[in-house]
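K.L.:
What follows is the file data-v4.txt, containing compact mmCIF, C-alpha atoms:
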```txt
# COMPACT_ATOMS: atom_id res chain seq x y z
CA MET A 157 77.99 75.61 115.19
CA SER A 158 76.44 78.76 116.64
CA ASN A 159 77.95 82.13 115.82
CA LEU A 160 78.95 82.70 119.42
CA GLU A 161 80.58 79.29 119.65
CA LEU A 162 82.35 79.90 116.35
CA LEU A 163 83.89 83.09 117.71
CA ARG A 164 84.83 81.46 120.99
CA ARG A 165 86.61 78.69 119.09
CA GLY A 166 88.43 81.40 117.15
CA MET A 167 89.48 82.76 120.53
CA VAL A 168 91.40 79.58 121.35
CA GLY A 169 92.74 79.08 117.85
CA GLU A 170 90.22 76.45 116.74
CA GLY A 171 87.44 76.66 114.18
CA PRO A 172 87.82 77.96 110.63
CA ARG A 173 91.21 79.43 109.79
CA ALA A 174 91.50 83.22 109.72
CA GLY A 175 94.62 83.90 107.67
CA TRP A 176 94.51 87.65 108.22
CA ARG A 177 94.72 87.21 111.98
CA GLU A 178 97.78 85.01 111.60
CA THR A 179 99.36 87.51 109.22
CA ILE A 180 99.23 90.46 111.59
CA GLY A 181 99.15 88.50 114.85
CA ALA A 182 95.72 89.62 116.04
CA ARG A 183 93.54 87.47 118.28
CA ILE A 184 90.01 87.39 119.58
CA ALA A 185 90.37 88.21 123.28
CA GLU A 186 86.79 88.51 124.53
CA VAL A 187 83.43 87.42 123.14
CA GLU A 188 80.08 88.23 124.67
CA ASP A 189 76.62 89.09 123.44
CA GLY A 190 76.94 92.26 121.34
CA ARG A 191 80.59 92.91 122.21
CA VAL A 192 83.87 91.49 120.95
CA VAL A 193 87.44 92.51 121.75
CA VAL A 194 90.28 91.94 119.27
CA GLU A 195 93.84 92.36 120.56
CA LEU A 196 97.11 92.99 118.78
CA ASP A 197 100.61 93.11 120.26
CA VAL A 198 102.36 95.77 118.24
CA HIS A 199 105.71 94.97 116.64
CA ALA A 200 107.97 96.59 114.03
CA GLY A 201 106.10 94.78 111.26
CA HIS A 202 103.06 96.96 111.95
CA ARG A 203 104.86 100.29 111.66
CA HIS A 204 105.28 102.51 108.64
CA GLU A 205 108.35 104.57 107.75
CA GLY A 206 107.34 107.21 110.27
CA GLY A 207 107.82 104.75 113.12
CA VAL A 208 104.16 104.46 114.17
CA VAL A 209 101.56 101.77 113.56
CA GLN A 210 100.08 102.04 110.08
CA GLY A 211 96.42 103.14 110.10
CA GLY A 212 95.27 100.17 108.06
CA ILE A 213 96.38 97.81 110.82
CA ILE A 214 94.30 99.72 113.35
CA THR A 215 91.39 99.77 110.92
CA GLN A 216 91.70 96.03 110.42
CA ILE A 217 91.29 95.14 114.09
CA ALA A 218 88.50 97.71 114.50
CA ASP A 219 86.63 96.31 111.50
CA ALA A 220 87.02 92.76 112.80
CA ALA A 221 85.81 93.66 116.29
CA MET A 222 82.77 95.46 114.84
CA GLY A 223 81.83 92.68 112.42
CA MET A 224 82.22 90.02 115.11
CA SER A 225 80.16 91.97 117.64
CA LEU A 226 77.33 92.02 115.10
CA LEU A 227 77.80 88.32 114.42
CA THR A 228 77.04 87.50 118.07
CA ARG A 229 73.52 88.88 117.59
CA GLN A 230 72.80 87.28 114.22
CA PRO A 231 70.93 84.01 113.63
CA ASP A 232 73.31 81.09 113.30
CA ASP A 233 72.82 80.72 109.55
CA GLN A 234 73.85 84.30 108.93
CA ALA A 235 77.03 86.35 108.84
CA ASN A 236 77.87 89.89 107.72
CA VAL A 237 80.12 91.81 105.40
CA THR A 238 81.28 95.40 105.87
CA ILE A 239 79.88 97.79 103.28
CA GLU A 240 80.97 101.07 104.84
CA LEU A 241 83.46 102.09 107.50
CA LYS A 242 84.71 105.33 108.96
CA ILE A 243 87.56 105.84 111.38
CA ASN A 244 89.17 108.70 113.28
CA PHE A 245 92.78 108.21 114.33
CA LEU A 246 93.22 110.09 117.59
CA ARG A 247 96.75 109.35 118.71
CA PRO A 248 99.80 107.59 117.26
CA VAL A 249 100.82 104.16 118.52
CA VAL A 250 104.39 102.90 118.64
CA GLU A 251 104.26 99.82 120.83
CA GLY A 252 102.26 97.87 123.35
CA ARG A 253 98.99 96.00 123.21
CA LEU A 254 96.09 97.41 121.21
CA ARG A 255 92.52 96.49 122.07
CA ALA A 256 89.70 97.04 119.58
CA VAL A 257 86.39 96.91 121.41
CA GLY A 258 83.52 96.42 118.97
CA ARG A 259 79.89 96.83 119.97
CA VAL A 260 76.47 96.67 118.39
CA VAL A 261 74.66 99.96 117.83
CA GLU A 262 71.57 98.68 116.03
CA MET A 263 70.47 95.58 114.14
CA ARG A 264 67.97 95.95 111.30
CA ARG A 265 66.88 93.22 108.91
CA THR A 266 69.52 93.79 106.23
CA LEU A 267 71.71 96.57 107.64
CA LEU A 268 73.70 96.25 110.85
CA PHE A 269 75.39 99.18 112.61
CA SER A 270 78.35 98.98 114.94
CA GLU A 271 81.09 101.03 116.57
CA ALA A 272 84.56 100.35 117.93
CA ASP A 273 86.98 102.04 120.28
CA VAL A 274 90.63 101.15 119.83
CA LEU A 275 92.57 101.56 123.09
CA ASP A 276 96.28 101.45 123.80
CA GLU A 277 97.91 99.65 126.73
CA GLN A 278 97.26 102.64 129.01
CA GLY A 279 93.58 102.57 128.06
CA ARG A 280 93.81 105.77 126.03
CA LEU A 281 91.54 106.15 123.02
CA VAL A 282 93.67 105.63 119.91
CA ALA A 283 90.94 105.44 117.27
CA ARG A 284 87.19 105.47 116.98
CA ALA A 285 85.37 103.71 114.15
CA SER A 286 81.84 103.09 112.98
CA SER A 287 80.63 100.77 110.28
CA THR A 288 77.61 99.50 108.43
CA CYS A 289 77.45 95.82 107.56
CA LEU A 290 75.19 93.83 105.31
CA ALA A 291 73.63 90.65 106.65
CA VAL A 292 74.36 87.67 104.39
CA SER A 293 73.64 83.96 104.64
CA ARG A 294 76.61 82.25 106.20
CA PRO A 295 78.91 80.81 103.55
CA TRP A 296 80.21 78.06 105.85
CA ARG A 297 78.80 75.58 108.36
CA MET B 287 77.54 130.45 129.38
CA ARG B 288 74.56 130.53 127.07
CA ARG B 289 75.36 131.43 123.50
CA GLN B 290 73.05 133.04 121.01
CA PRO B 291 71.68 130.49 118.54
CA SER B 292 72.98 130.88 114.99
CA PRO B 293 70.66 132.25 112.30
CA ALA B 294 70.40 128.75 110.84
CA GLN B 295 69.42 127.31 114.24
CA ARG B 296 66.82 130.04 114.73
CA TRP B 297 65.36 129.55 111.28
CA LEU B 298 65.02 125.78 111.77
CA GLY B 299 63.81 126.08 115.34
CA ILE B 300 66.71 124.20 116.90
CA GLU B 301 66.74 124.55 120.68
CA VAL B 302 69.79 124.09 122.88
CA ARG B 303 68.60 122.14 125.95
CA SER B 304 71.95 121.87 127.66
CA ARG B 305 75.59 122.67 126.98
CA GLY B 306 78.70 122.18 129.07
CA GLY B 307 81.67 119.97 129.88
CA GLY B 308 81.98 118.67 126.33
CA GLU B 309 78.36 117.62 126.09
CA ALA B 310 75.27 119.16 124.54
CA VAL B 311 71.63 118.29 123.98
CA LEU B 312 69.77 119.96 121.14
CA GLU B 313 66.23 119.45 119.90
CA LEU B 314 64.44 120.05 116.64
CA CYS B 315 60.68 119.93 116.20
CA THR B 316 60.26 118.62 112.65
CA ARG B 317 57.84 120.38 110.30
CA PRO B 318 56.05 119.41 107.06
CA GLU B 319 58.56 121.49 105.04
CA MET B 320 61.26 119.08 106.19
CA GLN B 321 59.63 116.08 104.56
CA ASN B 322 61.35 114.25 101.71
CA SER B 323 59.65 112.37 98.89
CA ALA B 324 59.57 109.21 101.01
CA GLU B 325 57.42 111.10 103.56
CA MET B 326 60.01 111.06 106.31
CA VAL B 327 62.32 113.74 107.65
CA HIS B 328 64.93 114.62 105.04
CA GLY B 329 68.34 113.33 106.11
CA GLY B 330 69.91 116.74 105.62
CA PHE B 331 68.03 118.11 108.62
CA ILE B 332 69.16 115.17 110.73
CA ALA B 333 72.76 115.78 109.64
CA LEU B 334 72.38 119.47 110.44
CA LEU B 335 70.98 118.79 113.91
CA ALA B 336 73.80 116.33 114.62
CA ASP B 337 76.49 118.71 113.35
CA SER B 338 74.99 121.52 115.36
CA ALA B 339 74.85 119.44 118.55
CA MET B 340 78.43 118.21 118.18
CA GLY B 341 79.64 121.75 117.42
CA THR B 342 77.88 123.00 120.55
CA ALA B 343 79.48 120.25 122.65
CA MET B 344 82.91 121.06 121.19
CA GLY B 345 82.49 124.80 121.79
CA SER B 346 81.68 124.20 125.45
CA LEU B 347 85.31 123.10 126.00
CA LEU B 348 86.91 126.06 124.24
CA PRO B 349 87.55 129.64 125.31
CA ASP B 350 85.09 132.28 124.19
CA GLY B 351 85.70 133.39 120.62
CA ALA B 352 87.58 130.25 119.58
CA ARG B 353 86.20 128.79 116.39
CA HIS B 354 85.72 125.13 115.69
CA PRO B 355 84.49 124.44 112.16
CA SER B 356 83.70 120.80 111.42
CA PHE B 357 85.69 119.46 108.49
CA ASP B 358 84.28 115.98 108.50
CA LEU B 359 80.79 114.70 109.24
CA LYS B 360 79.56 111.15 109.04
CA VAL B 361 75.97 110.13 109.64
CA ASN B 362 74.33 106.73 109.84
CA PHE B 363 70.61 106.99 109.21
CA ILE B 364 69.17 104.14 111.22
CA ALA B 365 65.40 104.71 111.44
CA PRO B 366 63.22 107.30 109.68
CA GLY B 367 62.40 110.56 111.46
CA ARG B 368 58.66 111.24 111.50
CA ILE B 369 57.28 114.60 110.52
CA GLY B 370 55.92 116.45 113.54
CA GLU B 371 58.01 114.65 116.12
CA ARG B 372 60.69 116.27 118.23
CA LEU B 373 64.15 114.91 117.47
CA ARG B 374 66.72 115.04 120.24
CA ALA B 375 70.47 115.05 119.58
CA VAL B 376 72.80 114.10 122.41
CA ALA B 377 76.39 114.99 121.56
CA LYS B 378 79.62 114.27 123.39
CA VAL B 379 83.23 115.19 122.70
CA ILE B 380 85.41 112.08 122.61
CA HIS B 381 88.71 113.77 121.78
CA SER B 382 89.80 117.34 122.35
CA GLY B 383 93.30 118.04 121.07
CA ARG B 384 95.27 121.22 120.40
CA ARG B 385 94.36 121.43 116.73
CA THR B 386 91.50 119.01 116.20
CA GLY B 387 88.57 117.57 118.10
CA VAL B 388 86.22 114.63 117.58
CA ALA B 389 82.65 114.33 118.78
CA GLU B 390 79.90 111.77 118.51
CA CYS B 391 76.16 112.13 118.55
CA ARG B 392 73.04 110.05 118.96
CA LEU B 393 69.70 111.23 117.64
CA VAL B 394 66.52 109.79 119.06
CA GLY B 395 62.84 110.22 118.28
CA GLU B 396 60.12 111.05 120.78
CA ASP B 397 59.62 107.37 121.61
CA GLY B 398 63.33 107.00 122.30
CA ARG B 399 64.11 104.93 119.18
CA LEU B 400 67.54 105.48 117.65
CA VAL B 401 67.12 107.56 114.48
CA ALA B 402 70.77 108.28 113.63
CA THR B 403 74.32 108.25 114.89
CA ALA B 404 77.02 110.66 113.77
CA THR B 405 80.62 111.63 114.29
CA ALA B 406 82.36 114.86 113.34
CA THR B 407 85.92 116.12 113.30
CA PHE B 408 86.62 119.76 114.13
CA ALA B 409 89.50 122.12 113.48
CA ILE B 410 90.31 124.15 116.59
CA LEU B 411 91.15 127.74 115.65
CA PRO B 412 92.16 130.61 117.89
CA PRO B 413 89.78 133.59 117.83
CA THR B 414 91.60 135.67 115.23
CA SER B 415 93.04 133.21 112.73
CA ASP B 416 91.92 132.74 109.16
CA PRO B 417 89.69 129.65 108.74
CA ASP B 418 91.48 128.87 105.46
CA GLU B 419 94.62 128.17 107.48
CA ALA B 420 93.06 125.10 109.02
```
Show the structure stored in the file as structure tokens.

P.N.:
Amino acid sequence: MSNLELLRRGMVGEGPRAGWRETIGARIAEVEDGRVVVELDVHAGHRHEGGVVQGGIITQIADAAMGMSLLTRQPDDQANVTIELKINFLRPVVEGRLRAVGRVVEMRRTLLFSEADVLDEQGRLVARASSTCLAVSRPWR
Amino acid sequence: MRRQPSPAQRWLGIEVRSRGGGEAVLELCTRPEMQNSAEMVHGGFIALLADSAMGTAMGSLLPDGARHPSFDLKVNFIAPGRIGERLRAVAKVIHSGRRTGVAECRLVGEDGRLVATATATFAILPPTSDPDEA
């Protein structure tokens, strides 16, 4: 199965199981060459004691969107793992639909660079992330 | 408004090409003294150019005299900078709040290849306050 097809199957709930997505309720909303969108409908289970979405949840969908955007440009026998990630949280989120838009910055042989914007339902920038991933041979078929 | 370059910018030969509306373009002509042991431009100069460009972009949105020290800088070194080439940093503010700001930057070589990307976070301080209060 090609990487792109793999992600598109993930989009409709087929393909290999992604337990983390089920846990937080995230889904792959859009897949195209070099760009993947991960969505999350915020609920109380995502909030910390302060009443806003916990930063790790936002980081999780940003990381996933970035890694998947890189995957769309990799050969089909390869995947990637995140080795470094940085995020700025720009505004708090209480409710609504979050969209993490991951995109490819640059692909080298072993190191892959990507960025993500996380937007709230009004399209406001909630967080901005960048990451470096390591290309690895795909552990599944 | 055109600001005076800082002593550090003057010493390194950093030139401000444009500044305004939360954006800035700065250039640095790399010299042999900037070479590291791997015979490419030392990453510190790339970080400095990026920080400088993002600071310039941030300052273009603030009133005269306001200070905006960066308190976080992240750089991805993507391709080596070559000694003797002119590096161009294109910076843009992506968030400008009351107390903090965030900017991003792309650095390219003379042939347009992506050399580095960076982001920085700034404290926004009124003209007279103590920077330690940030």

K.L.:
Within 8 Å of chain A, which residues of chain B show up when using all atoms listed in the file, listed as a list in words?

P.N.:
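Only these qualify: Lys360, Ile364, His381 and Val388 of chain B.
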
K.L.:
Any idea what's packed within 8 Å of Val249 of chain A, counting all atoms listed in the file, ignoring anything in its chain fewer than 5 positions away? Could you give it as an MDAnalysis selection string?

P.N.:
chainID A and resid 208:209 276 282

K.L.:
Could you check how far atom CA of Thr342 of chain B sits from atom CA of Phe363 of chain B, in Å to one decimal?

P.N.:
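Separation between atom CA of Thr342 of chain B and atom CA of Phe363 of chain B: 20.9 Å.
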
K.L.:
Between A:Val198, A:Ile213, A:Val237, A:Ile180, which one has atoms that come closest to Glu251 of chain A, using all atoms listed in the file?

P.N.:
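Selected residue with least distance to Glu251 of chain A: A:Val198.
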
K.L.:
Can you tell me, as number ranges by chain, what residues are no more than 12 Å from Arg177 of chain A when counting only C-alpha atoms, ignoring any on the same chain fewer than 2 positions away?

P.N.:
A: 166-167, 169, 172-175, 179-184, 194-197, 213, 216-217, 220-221

K.L.:
Please, what distance in Å, to one decimal, runs between atom CA of Ser225 of chain A and atom CA of Leu163 of chain A?

P.N.:
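Interatomic distance here is 9.6 Å.
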
K.L.:
Tell me, as a ChimeraX atom specification, which residues lie within 6 Å of Ala256 of chain A, counting only C-alpha atoms; anything in the same chain fewer than 6 positions away does not count.

P.N.:
/A:193-194,218,273-274

K.L.:
Near segment 302-307 of chain B, within 9 Å and counting all atoms listed in the file, which residues show up once chain neighbours fewer than 6 positions away are dropped, as a list in words?

P.N.:
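So the residues in contact are Met287, Arg288, Pro291, Glu313, Ala339, Thr342, Ala343, Met344, Gly345, Ser346, Leu347, Lys378 and Val379 of chain B.
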
K.L.:
Would you mind reading off the distance between atom CA of Leu359 of chain B and atom CA of Thr403 of chain B, one decimal, in Å?

P.N.:
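Calculated distance between atom CA of Leu359 of chain B and atom CA of Thr403 of chain B is 10.7 Å.
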